[in-house]
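What follows is one structure encoded as structure tokens, with my remarks underneath.
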Amino acid sequence: MRSQPERINLILAMLLTAMAAGMGWGIRGQYGHESGAMIAGVLTSLTLVMLFIPQASSLMAARVAAMMTVAIGIGGTMTYGQTIGLTHNRELVGNWEALRWGMLGLMIKGGIWISFAGALLGMGLGGKRYQPFEMLFIFLAMIGLLYFGLWWINGPFDPANRILPKLYFSASWYFEPDKADLKPRREVWGGLLIALLGLVTYVTAYKRDWLATRMALIGFIAGGLGFPGGQCLQAYHSWNAERFSTGDLAQYTMFQYFNWWNMMETTFGLIFGAVLALGLWLNQKSIHVESSEPEVSLTPTVEAILIAIHFGLLLTSEFLRLSGSGAIVSLYVDMGLYMCVLPMIGIVGGRIWPYAQLLIIVAAPICGKQIRNLVYGTEPQYALAEGWVTFALLPMGILFVVTVYLTSSSRRQRAQWFAATALLTTTWLYFGLNTIFFDFAWPWEKWTIRTPNQIIFAICAVCLSLAAVGKLWQYRRLETKHLENV
């Protein structure tokens, strides 16, 4: 029987993690697949380590958060727009078979997406040491399993001759046999599923990392509930459009301003965040806290070289489309597992990379996309110099300073101080960028379809900030008391 304080801690953990994931996943929708998903990874993982391992070493907490952050980007490889379409497209409204099939696809894809994050979160917290070359082997093996799964589950794929895989969750002629302009998309969820099973097999059978195994399962449940759970809102609106236009719900004018897609994304995050927190809370006894400094096996020079290579490949693949043999560089982001190899080596073996990953590396493509949309878009909203200063130089400069501070003070500070500081910084960075992207959709201005989500994100940002400030104050108070006793 849990005590009342424990139950209160559970409720707070679920609420705060749900807010972190909900805001992060909702903001992710403006910025895209793999790199966008890492926004939610940063906010969610920092919240979890702040709450669950406050007395761990700063470097351990940074590694745990960075591992989960990178892992949550893997699922961005999957196509899911047409899967969502099966549940709410106008021509399929009323087709219960399409609805059930689409929701099943979202459950599988959402489960795979968050299961990777749960598995790597558990690997960081379970007390098993993963070496850089071991992580290289794990991810190269998963890449091989990915291609096997693509052949076995996601093939054959020949839309020109109307040949699609047997298990296919995107637009198909089965549900729309007379649609001549149907454009089915290649799915990769089967390849990722086989890669995920390979990872779980390794950590279970070879490493005996039971926390990683359980968190992978909990992550699958979290994503499997979250994706279709969020889509239920959007599908309900599409299936009952008359209720919102002329029926009993028409009197609630706020529904007229709902961006139902963004509401779906935000709800997805809220659900999976709450379930991850619940799962980790139930497995607290399996968390291994390292109060001493973890081993650092990479020299600063090697680490800096690896960061430079990864950073160059990341930005090139995000913003350039090279022709000829250079086109292979685009796979670095388009195939999420590729993007994980170098970061995972650096995170488990280095001192700088975990902090740089959470603050600088995740933010760089987001800032770049902000510039691309608002400075170089079809209708530029900011002048060239103004945009680069506002969306690149200023935020990246702040992140660089915070990264240097956290890295240099890592031996002196605990996880609680690191996580709260990083959470405050990243919460307001991404909330601020998204607010500008939303054209400052404050509720006291004229309402747009972005206003309801802006209100939700503002509430989440304030609550996360209050929690982080409270943890910083608590940490300083305990440190002061400790020094007085000494």
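We name chains A, B, ... following the order of the structure tokens; residues begin at 1 in each chain, and ligands are numbered from 1 as shown.
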
Give me the residues near Thr79 of chain A as a list in words, where near means some atom within 12 Å (using only C-alpha atoms) and where sequence neighbours in that chain fewer than 5 positions away do not count.
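Here the qualifying residues turn out to be Gly32, His33, Glu34, Ile74, Ile84, Gly85, Gly105, Leu106, Lys109, Gly110, Trp113, Tyr168, Phe169, Ser170, Ala171, Pro184, Arg185, Arg186, Glu187, Val188, Trp189, Gly190, Leu192, Asp334 and Met335 of chain A.
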
Please provide the set of residues having any atom within 9 Å of Trp442 of chain A, restricted to only C-alpha atoms, with same-chain residues fewer than 5 positions apart removed, written as number ranges by chain.
A: 435, 447, 450-452, 454-455

Measuring atom to atom with only C-alpha atoms, identify which of A:Trp417, A:Ile449, A:Asp181, A:Phe440 is nearest to Met50 of chain A.
A:Trp417

Do you have, as a tab-separated table, the list of residues of segment 289-394 of chain A lying at most 12 Å from segment 51-66 of chain A, each with its nearest atom pair and that distance in Å to one decimal, counting only C-alpha atoms and ordered by chain then number?
```
residue	atom	partner	partner_atom	distance
A:Val289	CA	A:Ala56	CA	5.4
A:Glu290	CA	A:Ala56	CA	5.2
A:Ser291	CA	A:Ala56	CA	4.6
A:Ser292	CA	A:Ser57	CA	6.1
A:Glu293	CA	A:Ser57	CA	6.2
A:Pro294	CA	A:Met60	CA	6.5
A:Glu295	CA	A:Leu59	CA	9.6
A:Val296	CA	A:Leu59	CA	9.6
A:Cys340	CA	A:Ala66	CA	10.9
A:Pro343	CA	A:Ala66	CA	8.7
A:Met344	CA	A:Ala66	CA	8.6
A:Ile345	CA	A:Arg63	CA	10.9
A:Gly346	CA	A:Arg63	CA	9.5
A:Ile347	CA	A:Arg63	CA	5.8
A:Val348	CA	A:Arg63	CA	6.6
A:Gly349	CA	A:Arg63	CA	9.3
A:Gly350	CA	A:Arg63	CA	9.0
A:Arg351	CA	A:Leu59	CA	7.0
A:Ile352	CA	A:Leu59	CA	9.1
A:Trp353	CA	A:Arg63	CA	8.5
A:Pro354	CA	A:Arg63	CA	5.2
A:Tyr355	CA	A:Ala62	CA	6.1
A:Ala356	CA	A:Ala66	CA	9.0
A:Gln357	CA	A:Ala66	CA	6.2
A:Leu358	CA	A:Ala66	CA	5.8
A:Leu359	CA	A:Ala66	CA	9.6
A:Ile360	CA	A:Ala66	CA	11.6
A:Ile361	CA	A:Ala66	CA	10.4
A:Val362	CA	A:Ala66	CA	9.8
```

If we count only C-alpha atoms and set the cut-off at 12 Å, which residues sit around Gly312 of chain A, ignoring sequence neighbours fewer than 4 positions away in its own chain? Please answer as a PyMOL selection string.
chain A and resi 305-308+316-320+329-330+332-333+339+342+361+364-365

Could you check which of A:Leu298, A:Val401, A:Val462, A:Cys232 is closest to Met107 of chain A, using only C-alpha atoms?
A:Cys232
